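Beneath this line is the structure, given in structure tokens, with notes to follow.
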Amino acid sequence: MHNTTLEVLRCPYCGGRLELVTSLYHRREGDEIEDGILGCHCCIFPIVSGIPVLHLQPAATTARDHVQAGRPELARRTMFGLEDERHAEAFEAIAASETATYREIVDALGPTFEGGYFLYRFSDPTYLVADAVVRAIAGTVLARGGRAVDICGGSGHLTRSLLGLSPAPPVLADLYFAKVWLARRFTAPGCEPVCCDGNSPMPFARGAFRFAMCTDAFMYIWTKRQFVGEMMRLIDGDGEAGAVLIGHTHNERAWCPSHGQPLSPAGYRDLFETLEPRIFAEAGLFTDVVNGGPLDLSRRDTDDTLDRDTALSIVATRRTDVFKPHPLDLPSSSGELRLNPLYETKPDGDQVRLRLRFPSEDYEEEYGACRQYLPEEVVVNRASLAALESGRLPTELLDLARRLVIVDLPKNYY
Ligand SMILES: [Zn+2]
């Protein structure tokens with residue numbers, strides 16, 4: 001954690017500033033705090049492997065005791081949920097390897113860590129819409145400065161979309177330590193990870209951000225009213241007006257296989273007391289993205305359209321320049337262009353046959369809309385694929401990159 005991050009952190013319970021307790025065990029490297037104890041008016045919290053843990057769940061208090069006793073490695077094991085000694089050692093050996101991939105580390109965390117479909121995340125329809133919406137809004141409100149926060153951002157797949165747009169490093173907040181740790185190492189290098197509880201007040205100062213977002217998680221939050229109030233507080237700064245985005249939240253009016261406690265569009269609207277939010281049905285945004293743009297945020301979906309969609313995106317801001325059509329630019333690659341892992345390869349002479357294969361029927365049911373841009377089968381030259389593997393995108397494959405048969409993945413992703 002960078003020293004300057006202390007400027008935006010506040011205790012979620014007393015709202016007080018947090019300071020490193022230098023009389024207790026701590027380790028610093030330059031401007032970074034590696035391990036230590038943060039204190040406010042009411043309590044103390046640990047920093048574990050550079051990640052402030054700002055909640056009081058059992059693992060956090062155990063980790064705090066370990067840090068206080070000068071045992072940072074045990075604090076880290078606790079936060080990763082590695083209780084068995086042999087499992088912990090095996091995980092640490094893999095985590096210590098510079099060439100370890102995201103996939104290997106997820107596997108090493110074991111079956112209790114929900115890795116889910118992360119491998120396919122960068123081409124699923126939900127991600128595509130969210131990435132476009134995040135880039136459009138963050139690109140607008142952060143154009144002249146400010147900072148972004150991704151709340152309940154998991155392992156940072158959308159924090160990644162903020163990297164080139166948030167002038168100050170984006171903050172990624174999530175309850176799961178392992179996820180934000182993975183994000184900092186792989187998915188969104190350069191972000192500032194914070195571990196906190198989305199059902200508690202947020203551990204940040206008023207006005208610390210100009211853009212606050214939460215994507216694909218809000219339906220799992222029980223304290224929705226508090227959560228929205230907190231997001232509005234985070235962007236309540238002195239400078240230019242900011243924006244709040246709640247992306248991909250499920251709709252109580254339309255059935256969907258995932259769990260959660262979704263609200264109706266009217267219910268979501270009522271959460272915003274000080275600002276009238278605009279609610280978008282995801283289907284319309286998805287069509288915009290599949291057609292190559294523009295992403296039209298000037299649209300006003302009817303109540304009927306909203307009621308019928310399984311997922312909604314909610315935008316609250318005083319800035320009128322957000323609600324317009326936004327061109328969709330192919331973002332420049334910040335990682336590695338690789339073959340989409342949804343494709344199975346079959347060599348055929350000088351050519352290679354690529355076939356779309358879903359990992360499971362469940363995946364196909366939830367994300368089958370990807371067939372609208374992912375072709376069933378393509379044939380490419382073996383030489384072009386070899387060029388891609390050596391880090392160059394041959395002209396022949398440009399169109400496949402647009403169609404996400406070739407995806408921009410974090411370095412060492414799989
Ligand atoms: Zn406090």
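By order in the structure tokens, chains are A, B, ...; within a chain, residues start at 1; ligands start at 1, following the order shown.
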
- Message: I want to know what sits within 10 Å of range 396-410 of chain A, based on only C-alpha atoms, with residues of the same chain fewer than 6 positions away left out; could you give that as a VMD selection string?
- Response: chain A and resid 101 to 102 119 to 124 157 160 183 185 to 189 290 292 330 to 343 354 to 356 370 372 to 375 377 to 378 380 to 381 384 to 385 388

Per-residue nearest contacts of chain A to ligand 1 (9 Å; only C-alpha atoms and all ligand atoms) as a Markdown table:
| residue | atom | partner | partner_atom_place_in_ligand_line | distance |
| --- | --- | --- | --- | --- |
| A:Arg10 | CA | ligand 1 | 1 (Zn) | 7.7 |
| A:Cys11 | CA | ligand 1 | 1 (Zn) | 4.5 |
| A:Pro12 | CA | ligand 1 | 1 (Zn) | 6.6 |
| A:Tyr13 | CA | ligand 1 | 1 (Zn) | 5.0 |
| A:Cys14 | CA | ligand 1 | 1 (Zn) | 4.0 |
| A:Gly15 | CA | ligand 1 | 1 (Zn) | 6.0 |
| A:Gly16 | CA | ligand 1 | 1 (Zn) | 5.6 |
| A:Arg17 | CA | ligand 1 | 1 (Zn) | 7.9 |
| A:Leu18 | CA | ligand 1 | 1 (Zn) | 8.0 |
| A:Gly39 | CA | ligand 1 | 1 (Zn) | 7.4 |
| A:Cys40 | CA | ligand 1 | 1 (Zn) | 4.6 |
| A:His41 | CA | ligand 1 | 1 (Zn) | 4.9 |
| A:Cys42 | CA | ligand 1 | 1 (Zn) | 3.8 |
| A:Cys43 | CA | ligand 1 | 1 (Zn) | 5.1 |
| A:Ile44 | CA | ligand 1 | 1 (Zn) | 7.4 |

Output the selection as a short mmCIF file (atom, residue, chain, number, x, y, z; two decimals), in the first residue's frame - N, CA and C atoms for each residue.
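After the write, again-v6.cif holds the following:
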data_model
loop_
_atom_site.label_atom_id
_atom_site.label_comp_id
_atom_site.auth_asym_id
_atom_site.auth_seq_id
_atom_site.Cartn_x
_atom_site.Cartn_y
_atom_site.Cartn_z
N ARG A 10 -10.49 5.85 5.47
CA ARG A 10 -11.10 6.22 6.76
C ARG A 10 -11.63 4.94 7.40
N CYS A 11 -11.71 4.95 8.71
CA CYS A 11 -12.28 3.80 9.41
C CYS A 11 -13.76 3.66 9.01
N PRO A 12 -14.20 2.44 8.63
CA PRO A 12 -15.61 2.28 8.24
C PRO A 12 -16.57 2.49 9.41
N TYR A 13 -16.06 2.42 10.64
CA TYR A 13 -16.96 2.45 11.80
C TYR A 13 -17.00 3.81 12.50
N CYS A 14 -15.82 4.47 12.68
CA CYS A 14 -15.84 5.77 13.34
C CYS A 14 -15.59 6.90 12.35
N GLY A 15 -15.19 6.56 11.14
CA GLY A 15 -14.95 7.59 10.13
C GLY A 15 -13.63 8.33 10.32
N GLY A 16 -12.86 7.91 11.33
CA GLY A 16 -11.60 8.60 11.62
C GLY A 16 -10.51 8.27 10.62
N ARG A 17 -9.51 9.15 10.56
CA ARG A 17 -8.34 8.88 9.73
C ARG A 17 -7.61 7.66 10.25
N LEU A 18 -6.89 6.99 9.36
CA LEU A 18 -6.10 5.82 9.76
C LEU A 18 -4.63 6.17 9.65
N GLY A 39 -4.30 2.44 12.88
CA GLY A 39 -5.16 2.79 14.02
C GLY A 39 -6.03 3.99 13.70
N CYS A 40 -7.26 4.01 14.28
CA CYS A 40 -8.17 5.16 14.14
C CYS A 40 -8.63 5.55 15.55
N HIS A 41 -9.78 6.24 15.70
CA HIS A 41 -10.28 6.57 17.03
C HIS A 41 -10.78 5.34 17.78
N CYS A 42 -11.27 4.34 17.02
CA CYS A 42 -12.00 3.25 17.68
C CYS A 42 -11.31 1.90 17.67
N CYS A 43 -10.50 1.59 16.68
CA CYS A 43 -9.93 0.24 16.64
C CYS A 43 -8.64 0.20 15.83
N ILE A 44 -8.12 -0.99 15.65
CA ILE A 44 -6.93 -1.15 14.81
C ILE A 44 -7.18 -2.22 13.76
#

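Using only C-alpha atoms, the nearest neighbour of His87 in chain A within the list A:Leu175, A:Ala108, A:Leu165, A:Val48 is A:Ala108.
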
Please produce, as CSV, a per-residue contact table for range 34-106 of chain A versus range 196-220 of chain A (criterion: any atom at most 8 Å away, only C-alpha atoms considered), showing the nearest atom pair and its distance in Å to one decimal, sorted by chain then residue number.
residue,atom,partner,partner_atom,distance
A:Val53,CA,A:Cys196,CA,6.3
A:Leu54,CA,A:Cys196,CA,5.0
A:His55,CA,A:Cys196,CA,5.3

Would you save the residues from that selection as a PDB file, in the first residue's frame, using N, CA and C atoms?
ATOM      1  N   VAL A  53      -6.669  -4.319   5.542  1.00  0.00           N
ATOM      2  CA  VAL A  53      -7.853  -5.169   5.759  1.00  0.00           C
ATOM      3  C   VAL A  53      -8.767  -4.418   6.719  1.00  0.00           C
ATOM      4  N   LEU A  54      -9.777  -3.745   6.163  1.00  0.00           N
ATOM      5  CA  LEU A  54     -10.555  -2.792   6.956  1.00  0.00           C
ATOM      6  C   LEU A  54     -11.946  -3.329   7.289  1.00  0.00           C
ATOM      7  N   HIS A  55     -11.981  -4.539   7.844  1.00  0.00           N
ATOM      8  CA  HIS A  55     -13.235  -5.069   8.393  1.00  0.00           C
ATOM      9  C   HIS A  55     -12.876  -5.891   9.619  1.00  0.00           C
TER      10      HIS A  55
END

Go through range 86-197 of chain A and flag each residue having an atom no more than 12 Å from range 312-329 of chain A; for those, report the closest pair of atoms plus their distance in Å to one decimal, using only C-alpha atoms, ordered by chain and rising number, as a Markdown table.
| residue | atom | partner | partner_atom | distance |
| --- | --- | --- | --- | --- |
| A:Thr126 | CA | A:Leu312 | CA | 10.7 |
| A:Leu128 | CA | A:Leu328 | CA | 11.1 |
| A:Val129 | CA | A:Ser313 | CA | 9.5 |
| A:Ala130 | CA | A:Ser313 | CA | 8.5 |
| A:Asp131 | CA | A:Leu328 | CA | 10.3 |
| A:Ala132 | CA | A:Leu328 | CA | 7.1 |
| A:Val133 | CA | A:Ser313 | CA | 8.7 |
| A:Val134 | CA | A:Val315 | CA | 10.4 |
| A:Arg135 | CA | A:Leu328 | CA | 8.8 |
| A:Ala136 | CA | A:His326 | CA | 6.2 |
| A:Ile137 | CA | A:Val322 | CA | 6.0 |
| A:Ala138 | CA | A:Val322 | CA | 9.1 |
| A:Gly139 | CA | A:Val322 | CA | 9.3 |
| A:Thr140 | CA | A:Val322 | CA | 6.4 |
| A:Val141 | CA | A:Val322 | CA | 7.7 |
| A:Leu142 | CA | A:Val322 | CA | 11.2 |
| A:Ala143 | CA | A:Asp321 | CA | 11.5 |

- Item | helix (DSSP H, G or I) residues, from DSSP on the backbone, in range 134-235 of chain A, as a ChimeraX atom specification | /A:134-141,159-162,177-187,218-220,224-234

Write out as an mmCIF file with N, CA and C atoms, in the first residue's frame which residues come within 6 Å of range 30-33 of chain A when counting only C-alpha atoms, dropping same-chain ones fewer than 2 positions away.
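Dumped to out-v7.cif:
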data_model
loop_
_atom_site.group_PDB
_atom_site.id
_atom_site.type_symbol
_atom_site.label_atom_id
_atom_site.label_comp_id
_atom_site.auth_asym_id
_atom_site.auth_seq_id
_atom_site.Cartn_x
_atom_site.Cartn_y
_atom_site.Cartn_z
ATOM 1 N N MET A 1 0.836 -1.187 0.000
ATOM 2 C CA MET A 1 0.000 0.000 0.000
ATOM 3 C C MET A 1 0.877 1.245 0.000
ATOM 4 N N HIS A 2 0.549 2.150 -0.936
ATOM 5 C CA HIS A 2 1.343 3.374 -0.987
ATOM 6 C C HIS A 2 0.970 4.271 0.201
ATOM 7 N N ASN A 3 1.989 4.934 0.749
ATOM 8 C CA ASN A 3 1.775 5.884 1.865
ATOM 9 C C ASN A 3 0.618 6.836 1.634
ATOM 10 N N ARG A 28 8.259 -1.469 5.977
ATOM 11 C CA ARG A 28 8.061 -0.536 4.861
ATOM 12 C C ARG A 28 9.147 -0.749 3.826
ATOM 13 N N ASP A 35 3.572 -4.471 5.685
ATOM 14 C CA ASP A 35 2.805 -5.062 6.778
ATOM 15 C C ASP A 35 2.797 -4.066 7.919
ATOM 16 N N GLY A 50 0.796 -5.619 1.991
ATOM 17 C CA GLY A 50 0.503 -4.354 1.315
ATOM 18 C C GLY A 50 -0.975 -4.076 1.113
#

- Task: From the DSSP assignment of the backbone, select every residue of range 317-406 of chain A that is strand (DSSP E or B), and format the answer as a list in words.
- Result: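 Going through range 317-406 of chain A, the strand (DSSP E or B) residues come out as Thr317, Pro325, His326, Glu336, Leu337, Arg338, Leu339, Tyr343, Glu344, Thr345, Lys346, Pro347, Asp348, Gln351, Val352, Arg353, Leu354, Arg355, Leu356, Glu377, Val378, Val379, Val380, Asn381 and Ile406 of chain A.
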
- Item | Minimum-distance residue to Gln57 in chain A, chosen among A:Tyr176, A:Leu9, A:Thr223, A:Phe118 (using only C-alpha atoms) |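 Smallest separation from Gln57 in chain A among the options: A:Tyr176.
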
- Which distance in Å separates CA of Gly267 in chain A and CA of Leu295 in chain A, to one decimal?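 Atom-to-atom, CA of Gly267 in chain A to CA of Leu295 in chain A, that is 25.4 Å.
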
- Task: Considering only C-alpha atoms, return as an NGL selection string whatever protein or nucleic-acid residues lie within 8 Å of Pro72 in chain A, sequence-local ones (same chain, fewer than 3 positions apart) excluded.
- Result: :A and (35 or 48-49 or 66-67 or 75-76)

Save out the residues we just selected, C-alpha atoms, as a PDB file, in the first residue's frame.
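So the final result, stored in out.pdb, reads:
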ATOM      1  CA  ASP A  35       2.805  -5.062   6.778  1.00  0.00           C
ATOM      2  CA  VAL A  48      -1.173  -7.707   5.135  1.00  0.00           C
ATOM      3  CA  SER A  49       1.152  -8.003   2.114  1.00  0.00           C
ATOM      4  CA  HIS A  66      -0.392 -12.268  13.774  1.00  0.00           C
ATOM      5  CA  VAL A  67       0.900  -8.929  12.445  1.00  0.00           C
ATOM      6  CA  ALA A  75      -1.297 -13.232   8.698  1.00  0.00           C
ATOM      7  CA  ARG A  76      -1.111 -13.759   4.953  1.00  0.00           C
TER       8      ARG A  76
END
